[in-house]
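Asker: This is the content of model-v6.txt (compact mmCIF, C-alpha atoms):
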# COMPACT_ATOMS: atom_id res chain seq x y z
CA MET A 1 0.00 0.00 0.00
CA THR A 2 1.56 3.28 -1.11
CA ALA A 3 0.89 6.89 -0.24
CA ALA A 4 -1.12 9.15 -2.49
CA GLY A 5 -2.39 12.68 -2.57
CA ALA A 6 0.75 14.83 -2.44
CA THR A 7 -0.46 18.16 -3.78
CA GLN A 8 0.98 20.80 -6.08
CA LEU A 9 2.90 23.42 -4.12
CA PRO A 10 1.21 26.81 -3.93
CA HIS A 11 2.99 29.82 -5.39
CA THR A 12 3.50 31.65 -2.12
CA ALA A 13 6.41 33.30 -0.37
CA ARG A 14 5.48 32.90 3.27
CA PHE A 15 9.11 32.47 4.33
CA ASP A 16 10.92 35.06 2.23
CA GLY A 17 13.84 36.46 4.20
CA ARG A 18 13.71 33.71 6.82
CA THR A 19 16.30 31.08 7.65
CA ALA A 20 14.99 27.64 8.56
CA VAL A 21 16.70 24.67 10.19
CA VAL A 22 15.20 21.23 9.61
CA THR A 23 16.65 18.21 11.39
CA GLY A 24 16.33 14.65 10.21
CA ALA A 25 16.06 16.26 6.78
CA ALA A 26 17.92 13.73 4.67
CA ALA A 27 14.72 11.87 3.79
CA GLY A 28 11.04 11.42 4.56
CA ILE A 29 9.12 14.11 6.42
CA GLY A 30 12.26 16.13 7.09
CA ALA A 31 13.30 16.26 3.43
CA ALA A 32 9.75 17.07 2.33
CA THR A 33 9.60 19.88 4.89
CA ALA A 34 12.95 21.29 3.80
CA ARG A 35 11.77 21.33 0.18
CA ARG A 36 8.44 22.94 1.13
CA LEU A 37 10.00 25.74 3.18
CA ALA A 38 12.57 26.43 0.47
CA ALA A 39 9.85 26.50 -2.20
CA GLU A 40 8.16 29.21 -0.15
CA GLY A 41 11.26 31.35 0.11
CA ALA A 42 13.22 30.16 3.15
CA ALA A 43 16.96 29.59 3.16
CA VAL A 44 17.08 26.06 4.58
CA VAL A 45 19.77 24.29 6.58
CA VAL A 46 19.35 20.55 5.99
CA ALA A 47 20.72 18.81 9.08
CA ASP A 48 21.17 15.06 9.39
CA ILE A 49 23.65 12.46 10.54
CA ASP A 50 23.54 11.00 7.01
CA GLY A 51 25.75 13.44 5.14
CA ASP A 52 25.30 12.05 1.64
CA ARG A 53 21.51 12.10 1.79
CA ALA A 54 21.50 15.52 3.47
CA GLU A 55 23.62 16.96 0.67
CA ALA A 56 21.35 15.33 -1.91
CA THR A 57 18.33 17.07 -0.36
CA ALA A 58 20.14 20.42 -0.27
CA ALA A 59 21.32 19.97 -3.85
CA GLU A 60 17.76 19.22 -4.97
CA ILE A 61 16.59 22.45 -3.34
CA ARG A 62 19.34 24.45 -5.03
CA ALA A 63 18.61 22.85 -8.40
CA ALA A 64 15.00 24.02 -8.03
CA GLY A 65 16.20 27.60 -7.49
CA GLY A 66 16.17 27.59 -3.69
CA THR A 67 18.81 28.35 -1.08
CA SER A 68 20.10 25.51 1.05
CA ALA A 69 23.14 24.05 2.79
CA ALA A 70 23.64 20.60 4.27
CA VAL A 71 25.20 20.01 7.68
CA VAL A 72 26.31 16.63 8.99
CA ALA A 73 25.41 16.65 12.67
CA ASP A 74 24.32 14.38 15.48
CA VAL A 75 21.57 16.55 16.94
CA ALA A 76 21.70 14.66 20.24
CA GLY A 77 24.87 16.60 21.14
CA GLU A 78 25.71 20.28 21.58
CA ASP A 79 28.63 20.07 19.14
CA GLY A 80 26.23 19.17 16.36
CA TRP A 81 24.08 22.17 17.13
CA ALA A 82 27.10 24.48 17.12
CA ARG A 83 27.79 23.39 13.53
CA ILE A 84 24.14 23.81 12.52
CA VAL A 85 23.84 27.32 13.93
CA ALA A 86 27.15 28.30 12.35
CA ALA A 87 25.93 27.13 8.94
CA ALA A 88 22.64 28.96 9.41
CA GLY A 89 24.56 32.12 10.19
CA ASP A 90 25.64 32.31 6.55
CA PHE A 91 21.98 32.98 5.70
CA GLY A 92 20.78 34.89 8.77
CA PRO A 93 19.33 34.31 12.24
CA VAL A 94 17.26 31.15 12.53
CA GLY A 95 13.60 32.12 12.27
CA VAL A 96 12.10 28.67 11.82
CA LEU A 97 13.18 25.50 13.59
CA VAL A 98 11.71 22.12 12.67
CA SER A 99 12.84 19.37 15.04
CA ASN A 100 12.26 16.11 13.19
CA ALA A 101 15.20 13.81 13.96
CA VAL A 102 14.33 10.35 15.21
CA ALA A 103 15.89 7.06 16.28
CA VAL A 104 13.79 3.91 16.53
CA ASP A 105 14.55 0.42 17.80
CA VAL A 106 11.48 -1.81 17.73
CA ALA A 107 11.33 -3.98 20.83
CA PRO A 108 9.15 -4.36 23.91
CA ALA A 109 10.29 -2.62 27.08
CA HIS A 110 11.85 -5.71 28.66
CA GLU A 111 14.02 -6.21 25.55
CA THR A 112 15.03 -2.54 25.22
CA SER A 113 18.52 -1.97 26.56
CA PRO A 114 19.30 1.14 28.59
CA ALA A 115 21.69 2.22 25.82
CA SER A 116 18.94 1.93 23.20
CA TRP A 117 16.51 3.79 25.44
CA ARG A 118 18.96 6.64 25.95
CA ARG A 119 19.76 6.94 22.26
CA GLN A 120 16.12 7.03 21.18
CA VAL A 121 15.22 9.62 23.82
CA ASP A 122 18.35 11.68 23.14
CA VAL A 123 17.64 11.90 19.39
CA GLY A 124 13.87 12.19 19.65
CA LEU A 125 13.48 14.50 22.65
CA THR A 126 16.72 15.90 24.05
CA ALA A 127 17.73 17.06 20.57
CA ALA A 128 14.61 19.22 20.41
CA PHE A 129 15.60 20.90 23.67
CA LEU A 130 19.20 21.41 22.53
CA GLY A 131 18.07 22.75 19.17
CA PHE A 132 15.61 25.21 20.64
CA ARG A 133 18.24 26.40 23.10
CA ALA A 134 20.84 26.84 20.34
CA CYS A 135 18.46 28.62 17.95
CA LEU A 136 16.68 30.74 20.56
CA PRO A 137 18.64 33.98 19.97
CA GLY A 138 17.63 33.95 16.30
CA LEU A 139 14.06 32.92 17.00
CA ARG A 140 13.70 35.80 19.46
CA ALA A 141 15.29 38.31 17.09
CA GLN A 142 12.81 37.95 14.22
CA GLN A 143 11.31 41.14 12.87
CA GLY A 144 7.66 41.47 11.88
CA ALA A 145 6.50 38.11 13.21
CA PRO A 146 7.51 35.77 16.03
CA GLY A 147 10.03 33.04 15.48
CA ALA A 148 8.46 29.61 15.05
CA ALA A 149 9.45 26.15 16.22
CA VAL A 150 7.63 23.01 15.16
CA LEU A 151 8.41 19.75 16.94
CA VAL A 152 7.51 16.62 14.98
CA SER A 153 5.87 14.24 17.44
CA SER A 154 3.71 11.23 16.50
CA VAL A 155 0.39 9.56 17.20
CA HIS A 156 2.56 7.22 19.30
CA ALA A 157 2.53 10.03 21.88
CA ARG A 158 -1.14 9.33 22.56
CA HIS A 159 -1.73 5.75 21.45
CA GLY A 160 0.11 2.64 22.60
CA ILE A 161 1.58 0.57 19.77
CA PRO A 162 3.57 -2.54 20.69
CA GLY A 163 7.34 -2.39 20.45
CA HIS A 164 7.90 1.36 20.80
CA PRO A 165 8.41 2.27 24.50
CA ALA A 166 11.33 4.68 24.10
CA TYR A 167 10.01 6.15 20.86
CA ALA A 168 6.59 6.77 22.44
CA ALA A 169 8.18 8.31 25.53
CA ALA A 170 10.24 10.69 23.39
CA LYS A 171 7.27 11.65 21.22
CA GLY A 172 5.05 12.19 24.26
CA GLY A 173 7.73 14.32 25.85
CA LEU A 174 7.73 16.60 22.82
CA LEU A 175 4.10 17.54 23.50
CA SER A 176 4.90 18.64 27.04
CA LEU A 177 8.10 20.35 25.98
CA ALA A 178 6.33 22.35 23.27
CA GLY A 179 3.70 23.57 25.70
CA GLN A 180 6.32 24.60 28.20
CA LEU A 181 8.41 26.44 25.59
CA ALA A 182 5.34 28.18 24.21
CA VAL A 183 4.57 29.55 27.67
CA GLU A 184 8.13 30.54 28.56
CA TYR A 185 9.06 32.22 25.29
CA GLY A 186 5.82 33.70 23.99
CA PRO A 187 5.03 36.12 22.52
CA SER A 188 8.42 36.34 20.78
CA VAL A 189 8.44 32.64 19.78
CA ARG A 190 5.59 30.30 18.86
CA VAL A 191 6.03 26.57 19.51
CA ASN A 192 3.74 23.83 18.19
CA THR A 193 3.78 20.12 17.41
CA VAL A 194 2.54 17.93 14.59
CA LEU A 195 1.52 14.33 15.19
CA PRO A 196 1.89 12.28 12.02
CA GLY A 197 0.17 8.93 11.78
CA PRO A 198 0.95 6.20 9.23
CA VAL A 199 3.03 8.18 6.74
CA LEU A 200 5.10 6.33 4.16
CA THR A 201 8.74 7.03 4.99
CA ARG A 202 11.88 4.85 5.16
CA LEU A 203 10.75 3.62 8.59
CA TRP A 204 8.13 1.61 6.69
CA ASP A 205 10.73 -0.25 4.64
CA ARG A 206 10.73 -3.04 7.23
CA VAL A 207 6.91 -3.37 7.13
CA PRO A 208 5.51 -6.08 4.81
CA GLU A 209 3.01 -5.00 2.16
CA GLU A 210 0.21 -6.88 3.87
CA ASP A 211 0.78 -4.97 7.08
CA ARG A 212 0.91 -1.70 5.16
CA ARG A 213 -2.51 -2.44 3.69
CA ALA A 214 -3.83 -3.23 7.16
CA SER A 215 -2.53 0.08 8.51
CA ALA A 216 -4.04 1.98 5.59
CA ALA A 217 -7.39 0.30 6.25
CA GLN A 218 -7.29 1.62 9.81
CA THR A 219 -7.45 5.22 8.59
CA ALA A 220 -10.55 7.18 7.62
CA ALA A 221 -8.70 8.28 4.50
CA GLY A 222 -8.17 4.67 3.45
CA ARG A 223 -4.49 5.09 2.63
CA LEU A 224 -1.09 5.86 4.00
CA GLY A 225 0.00 9.47 4.07
CA ALA A 226 2.76 11.14 2.07
CA PRO A 227 5.62 13.09 3.72
CA GLU A 228 4.57 16.14 1.70
CA GLU A 229 1.20 16.16 3.48
CA VAL A 230 2.93 16.45 6.86
CA ALA A 231 5.27 19.08 5.44
CA ALA A 232 2.24 21.18 4.47
CA ALA A 233 1.03 21.10 8.07
CA VAL A 234 4.48 22.02 9.37
CA ALA A 235 4.70 24.93 6.92
CA PHE A 236 1.31 26.23 8.07
CA LEU A 237 2.30 26.14 11.74
CA ALA A 238 5.62 27.84 10.98
CA SER A 239 3.99 30.57 8.86
CA SER A 240 2.34 33.84 9.82
CA GLU A 241 -1.00 32.28 8.87
CA ALA A 242 -0.75 30.48 12.22
CA SER A 243 0.07 33.70 14.07
CA TYR A 244 -2.42 32.97 16.88
CA VAL A 245 -1.48 29.30 17.21
CA THR A 246 1.03 28.29 19.87
CA GLY A 247 1.26 25.40 22.29
CA ALA A 248 -1.00 23.44 19.92
CA SER A 249 -0.80 19.90 18.54
CA LEU A 250 -1.96 19.20 14.98
CA VAL A 251 -2.74 15.56 14.18
CA VAL A 252 -1.92 14.56 10.59
CA ASP A 253 -2.97 10.93 10.41
CA GLY A 254 -5.74 10.53 7.86
CA GLY A 255 -8.18 9.88 10.68
CA TRP A 256 -6.20 6.91 12.04
CA SER A 257 -6.63 8.05 15.66
CA VAL A 258 -10.42 8.26 15.40
CA VAL A 259 -11.13 5.02 13.55
CA LYS A 260 -12.29 2.19 15.81
CA SER A 261 -13.81 -1.20 15.05
CA SER A 262 -16.44 -2.27 17.56
CA ALA A 263 -19.66 -4.24 17.46
Kindly present the structure from the file in structure tokens form.

Answerer:
Amino acid sequence: MTAAGATQLPHTARFDGRTAVVTGAAAGIGAATARRLAAEGAAVVVADIDGDRAEATAAEIRAAGGTSAAVVADVAGEDGWARIVAAAGDFGPVGVLVSNAVAVDVAPAHETSPASWRRQVDVGLTAAFLGFRACLPGLRAQQGAPGAAVLVSSVHARHGIPGHPAYAAAKGGLLSLAGQLAVEYGPSVRVNTVLPGPVLTRLWDRVPEEDRRASAAQTAAGRLGAPEEVAAAVAFLASSEASYVTGASLVVDGGWSVVKSSA
């Protein structure tokens, strides 16, 4: 079962003059978000631990007429964020931060090692804290509109799915972190989350086709989502069109979280 429904990009310039940082941007939702923000005028720093794929995403943006640079960085550490902010400085203060990096090991809690737990939480949650902290001066310094941070959570934050204890904990933590940051740093910075559901990214490569069809059938939309559909939601939350939206969580799951089968 494949994704469908990625739409034509609108001819808008909502991010002209803004510098955006997108983590986990070598592929999937991160890459789609980087392309979307660049298409709408942002200079985009593509950050990922996978340097080759990150550069490919940045090169694709530049080939389409956009402005982008790739940075190889482990966002779970402060050194990585120092490199990201330095690269962003070539374009201007960071006005948009999209925290999308993720690490996933599928195993029940009793088979999850402490090292695996720490890595998943460090990449999925601590990195969002470190990134916000590193980018805060730029986010606060934006002229004309507040800076915007969007943390990419997941429906796993609200719904238990076997085999994802550390991933779910990290994604749930992002919801609380976003609310706290929205309170502490408003009105100069807006902070929101998106909660994607079954969206066809590389994480689905390990999922058999039969199981993909079953997951698609559990959505009201009747299909898996496309990364571009999540990117559209991220772009909205980061734009001035969402000027009165902060501390909010936007579910992008094709109705997966509301579909139930019961006699």

Asker: Which residues of stretch 112-228 of chain A come within 12 Å of stretch 47-68 of chain A, and for each one, what is the closest pair of atoms and their distance in Å to one decimal, counting all atoms listed in the file, sorted by chain and residue number, as a tab-separated table?

Answerer:
residue	atom	partner	partner_atom	distance
A:Val123	CA	A:Ile49	CA	10.7
A:Ala127	CA	A:Asp48	CA	11.9
A:Gly131	CA	A:Ala47	CA	11.2

Asker: Find the residues near A:Gly255: any atom within 9 Å, counting only C-alpha atoms, skip ones fewer than 3 places away on the same chain, and give them as a PyMOL selection string.

Answerer: chain A and resi 197+218-222+251-252+258-259

Asker: Keeping only C-alpha atoms, take the residues you just selected and write them out as a PDB file, in the frame of the given file.

Answerer:
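As written to disk, out.pdb reads:
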ATOM      1  CA  GLY A 197       0.170   8.930  11.780  1.00  0.00           C
ATOM      2  CA  GLN A 218      -7.290   1.620   9.810  1.00  0.00           C
ATOM      3  CA  THR A 219      -7.450   5.220   8.590  1.00  0.00           C
ATOM      4  CA  ALA A 220     -10.550   7.180   7.620  1.00  0.00           C
ATOM      5  CA  ALA A 221      -8.700   8.280   4.500  1.00  0.00           C
ATOM      6  CA  GLY A 222      -8.170   4.670   3.450  1.00  0.00           C
ATOM      7  CA  VAL A 251      -2.740  15.560  14.180  1.00  0.00           C
ATOM      8  CA  VAL A 252      -1.920  14.560  10.590  1.00  0.00           C
ATOM      9  CA  VAL A 258     -10.420   8.260  15.400  1.00  0.00           C
ATOM     10  CA  VAL A 259     -11.130   5.020  13.550  1.00  0.00           C
TER      11      VAL A 259
END

Asker: What does the distance from atom CA of A:Asp205 to atom CA of A:His164 come to in Å, to one decimal?

Answerer: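 These two atoms are separated by 16.5 Å.
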
Asker: Quick check, in Å to one decimal: how far apart do atom CA of A:Leu174 and atom CA of A:Pro137 lie?

Answerer: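 Straight-line distance from atom CA of A:Leu174 to atom CA of A:Pro137 works out to 20.7 Å.
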
Asker: Mind giving me the straight-line distance from atom CA of A:Gly147 to atom CA of A:Val189 in Å, one decimal?

Answerer: 4.6 Å

Asker: Please provide as an MDAnalysis selection string all residues within 12 Å of A:Gly24, with the sequence filter that same-chain residues fewer than 6 positions apart are discarded (counting only C-alpha atoms).

Answerer: chainID A and resid 30:34 45:51 53:54 57 70:76 97:103 123:124 127:128 151:152 201:202

Asker: In terms of the shortest atom-to-atom distance over all atoms listed in the file, which of A:Gly160, A:Gly144, A:Gly173, A:Gly247 is closest to A:Arg190?

Answerer: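 The answer is A:Gly247, which sits nearest to A:Arg190.
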
Asker: Skip A:Gln143 itself and residues of its chain fewer than 4 positions away, then list as a PyMOL selection string all residues within 12 Å of it, counting all atoms listed in the file.

Answerer: chain A and resi 17-18+93-95+138-139+147+188-189+240

Asker: Which residue is closest to A:Tyr244? Choose from A:Gly186, A:Ala69, A:Val96, A:Asp90 and count all atoms listed in the file.

Answerer: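 Closest to A:Tyr244 of all the choices is A:Gly186.
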
Asker: Counting only C-alpha atoms, what is within 10 Å of A:Phe15, bar same-chain residues fewer than 3 positions away, as a PDB file with C-alpha atoms, in the coordinates of the input?

Answerer:
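Now in around_27.pdb:
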ATOM      1  CA  THR A  12       3.500  31.650  -2.120  1.00  0.00           C
ATOM      2  CA  ARG A  18      13.710  33.710   6.820  1.00  0.00           C
ATOM      3  CA  THR A  19      16.300  31.080   7.650  1.00  0.00           C
ATOM      4  CA  ALA A  20      14.990  27.640   8.560  1.00  0.00           C
ATOM      5  CA  LEU A  37      10.000  25.740   3.180  1.00  0.00           C
ATOM      6  CA  ALA A  38      12.570  26.430   0.470  1.00  0.00           C
ATOM      7  CA  ALA A  39       9.850  26.500  -2.200  1.00  0.00           C
ATOM      8  CA  GLU A  40       8.160  29.210  -0.150  1.00  0.00           C
ATOM      9  CA  GLY A  41      11.260  31.350   0.110  1.00  0.00           C
ATOM     10  CA  ALA A  42      13.220  30.160   3.150  1.00  0.00           C
ATOM     11  CA  ALA A  43      16.960  29.590   3.160  1.00  0.00           C
ATOM     12  CA  GLY A  95      13.600  32.120  12.270  1.00  0.00           C
ATOM     13  CA  VAL A  96      12.100  28.670  11.820  1.00  0.00           C
ATOM     14  CA  ALA A 235       4.700  24.930   6.920  1.00  0.00           C
ATOM     15  CA  ALA A 238       5.620  27.840  10.980  1.00  0.00           C
ATOM     16  CA  SER A 239       3.990  30.570   8.860  1.00  0.00           C
ATOM     17  CA  SER A 240       2.340  33.840   9.820  1.00  0.00           C
TER      18      SER A 240
END
